[in-house]
Amino acid sequence: MKVLITGARGLLGSAVAREVVGRGHDCVVVQRNPCGVPGVSEFLDDLTHPQLSREWINGVEAVIHLAAKVNVTGSERDFERINVDATRNLIKIAQAEGVSRFVFASSPSVAHTGKPLVGAGADPANPQHARGYYSKSKGLGEQIVLAANGPSFSTVALRPHLVWGPGDTQLIGRIVQRARSNRLFLIDGGHALIDTCYVSNAATAFVQAVENATRVSGRALMVTNGEPRTVKETLQRICLAAGVPLPTRSVPHSIAMLAGSAIERVWGQRESDPPLTSFLVEQLSTAHWFDITDTKRLLDWEPTISIDEGFRLLHESYSR
């Protein structure tokens, strides 16, 4: 099968590309900057550009669309242009060129309205009530993808949650940086249970979704390790793996939320990440873990790297 991947430069995208190549599929990647994954055919293009070159879609049978704007800051229009308009464009191109399978990287936040998620399934995306521009735009993107599902065009949305692993500059890198500068703290003691997903487990789920797309067409599925841990344990083990100070301070939720909201107003639309946001406070103080029973059954998939093994591998990477 010839598989096109967008966003192969990131942690998850590069892992998906390696998994596709490792399974013997032809792999084409397209993004604005080189990804450097061996064995792929690479094209540089901007998916938001109205006059896209279509050379990279020739002969492609399946698309895995991972490219997205994932920042916590930015204008609503930027998120819409990258996460909604580019997805719509890619869907139209794929349909016009005879692609038969389309797997979209969504997010659990598309159905998160601020309340705890305890053993939650993949409830329908709710862009109107999702929290923040990122979640709203990913929810709209997911709706576009699933609405395009049909007899000759199987579409699937996967919602990986907090993907991490060695080399991660998003989740792990930011936590380590905050710990090194003594800016990492807990909220309400860090007792909320959360799910995360080791990167290679998420990558295999995306490739399984491509290979089983006709079986799960038109569906959204959760992707996690299925091993919820407290926020406190998760942050502590990341810090231990990286050899940085553990968080020792805890801030009450009410104070943290007031601070996050105030910082958001002052920060505006700067490109740099603010030290705290109301969404981050919710994520650090609210339970959000998920039921992956359907994902495992429908994709014939199991997470093979446990949370404990993942932290061992993370420690090894920092030791090197």
# chains A, B, ... in the order shown; residues from 1 in each chain; ligands from 1

$ residues_around --residues "A:Lys2" --least-positions-apart "5" --cutoff "12 Å" --atoms "only C-alpha atoms" --output "MDAnalysis selection string"
chainID A and resid 17 20:21 23:29 40:41 56:64 99:101 210:211

$ residues_around --residues "A:Arg88" --least-positions-apart "2" --cutoff "8 Å" --atoms "only C-alpha atoms" --output "MDAnalysis selection string"
chainID A and resid 84:86 90:92 141 144:145

$ residues_around --residues "A:Glu76" --least-positions-apart "3" --cutoff "10 Å" --atoms "only C-alpha atoms" --output "list in words"
Thr73, Phe79, Glu80, Arg81, Gly132, Tyr133, Tyr134, Lys136, Ser137 and Gln269 of chain A

$ select_by_dssp --residues "stretch 21-254 of chain A" --states "strand (DSSP E)" --output "number ranges by chain"
A: 26-31, 41-44, 62-65, 101-105, 117-120, 154-160, 163-164, 186-187, 193-194, 197-198, 219-223, 229-230, 250-251

$ residues_around --residues "A:Asp45" --least-positions-apart "4" --cutoff "10 Å" --atoms "only C-alpha atoms" --output "PyMOL selection string"
chain A and resi 6+29-33+49+52-54+56

$ write_last_selection --atoms "C-alpha atoms" --output "PDB file, in the first residue's frame"
ATOM      1  CA  THR A   6       1.463  14.754   6.750  1.00  0.00           C
ATOM      2  CA  VAL A  29       5.582  12.393   3.517  1.00  0.00           C
ATOM      3  CA  VAL A  30       4.684  16.027   2.963  1.00  0.00           C
ATOM      4  CA  GLN A  31       5.334  19.007   5.208  1.00  0.00           C
ATOM      5  CA  ARG A  32       7.036  22.390   5.102  1.00  0.00           C
ATOM      6  CA  ASN A  33      10.416  21.186   6.443  1.00  0.00           C
ATOM      7  CA  HIS A  49      -1.604  27.058   0.309  1.00  0.00           C
ATOM      8  CA  LEU A  52      -0.972  22.928  -3.745  1.00  0.00           C
ATOM      9  CA  SER A  53       1.306  20.791  -5.873  1.00  0.00           C
ATOM     10  CA  ARG A  54      -0.399  17.415  -6.232  1.00  0.00           C
ATOM     11  CA  TRP A  56       2.909  13.876  -3.822  1.00  0.00           C
TER      12      TRP A  56
END

$ atom_distance --atom1 "atom CA of A:Phe311" --atom2 "atom CA of A:Val281"
24.0 Å
